[in-house]
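J.: Take this structure first; my questions come after.
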Amino acid sequence: MSGSGAAGAAAGPAPPAQEEGMTWWYRWLCRLAGVLGAVSCAISGLFNCVTIHPLNIAAGVWMIMNAFVLLLCEAPFCCQFVEFANTVAEKVDRLRSWQKAVFYCGMAIVPIVMSLTLTTLLGNAIAFATGVLYGLSALGKKGDAISYARIQQQRQQADEEKLAETLEGEL
């Protein structure tokens with residue numbers, strides 16, 4: 001029985017990719033930015049739809065869709081009426097930070113390209129900032145000066161050794 005339990009545990013879902021160096025407070029900051037971005041996209045999208053210009057209406061509808069996707073990915077408890085909300089949130093949590101960054105920034109740029117107005121710029125600014133936050137987390141932590149100096153010293157020593165070997169080979 002213990003063999004089947006171990007096999008069942010190994011076949012379980014993969015651990016979330018969020019454990020790639022993000023601290024708990026940064027993860028919550030990204031989630032909060034996503035929720036605020038969704039709210040700003042929804043409100044600006046509604047204002048953008050109140051016009052007669054078709055591109056503004058299309059950008060407004062896209063912004064409302066962005067708001068729904070952001071809420072679905074970052075705060076699935078806000079979408080309890082949607083049956084697949086938890087499934088989508090689990091799949092998004094497995095994505096790497098750079099993938100989320102590209103997805104969120106791409107979603108925020110599309111309505112700006114459709115209709116470059118102040119409403120679309122301000123409405124998508126926080127959603128774009130959410131993508132930027134995820135992109136910054138994908139870069140990783142900044143190294144300290146001591147370890148950087150140690151690496152540089154090791155490289156310099158290796159280069160000097162190669163140069164000495166080359167000179168000895170010529171003599």
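In the structure tokens, chains take the letters A, B, ... in the order shown, each chain's residues start at 1, and ligands count up from 1 in the order shown.
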With a distance cut-off of 12 Å and only C-alpha atoms, select the neighbouring residues of A:Leu136, excluding the residue or stretch itself and same-chain residues fewer than 2 positions from it, and output the selection as a ChimeraX atom specification.
T.: /A:21-22,26-27,30,96-102,129-134,138-142
J.: Determine which residues of stretch 8-160 of chain A receive a DSSP assignment of helix (DSSP H, G or I), computed from the backbone, and state them as number ranges by chain.
T.: A: 8-10, 17-19, 24-49, 54-74, 76-79, 85-93, 97-114, 118-139, 145-160
J.: One decimal, Å: what's the distance from atom CA of A:Gly60 over to atom CA of A:Thr119, could you say?
T.: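 One can read the atom CA of A:Gly60 to atom CA of A:Thr119 distance as 9.3 Å.
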J.: Quick one, how far is atom CA of A:Ser115 from atom CA of A:Leu71?
T.: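 Answer for the atom CA of A:Ser115 to atom CA of A:Leu71 separation: 23.1 Å.
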J.: Using only C-alpha atoms, which protein or nucleic acid residues come within 7 Å of A:Ala127? Drop anything in the same chain fewer than 6 positions from it, and give the result as a ChimeraX atom specification.
T.: /A:34,37-38,104,108
J.: Using only C-alpha atoms, can you tell me which of A:Val82, A:Val69, A:Ile109, A:Ile52 comes closest to A:Leu121?
T.: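 That would be A:Ile109, the residue with the smallest distance to A:Leu121.
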J.: Using atom CA of A:Leu29 and atom CA of A:Asp93 as the two end points, give the distance in Å to one decimal.
T.: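 It comes out at 14.9 Å.
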J.: What lies within 12 Å of A:Trp25 using only C-alpha atoms, ignoring chain neighbours under 6 positions off, as a PyMOL selection string?
T.: chain A and resi 31-32+137
J.: Counting only C-alpha atoms, which of A:Val92, A:Val39, A:Ala164, A:Ile151 gets nearest to A:Ile64?
T.: A:Val39
J.: What's the 9 Å shell around A:Asn56, counting only C-alpha atoms, without same-chain residues fewer than 4 positions away, as a PyMOL selection string?
T.: chain A and resi 48-52+60-61+111+114-117+120
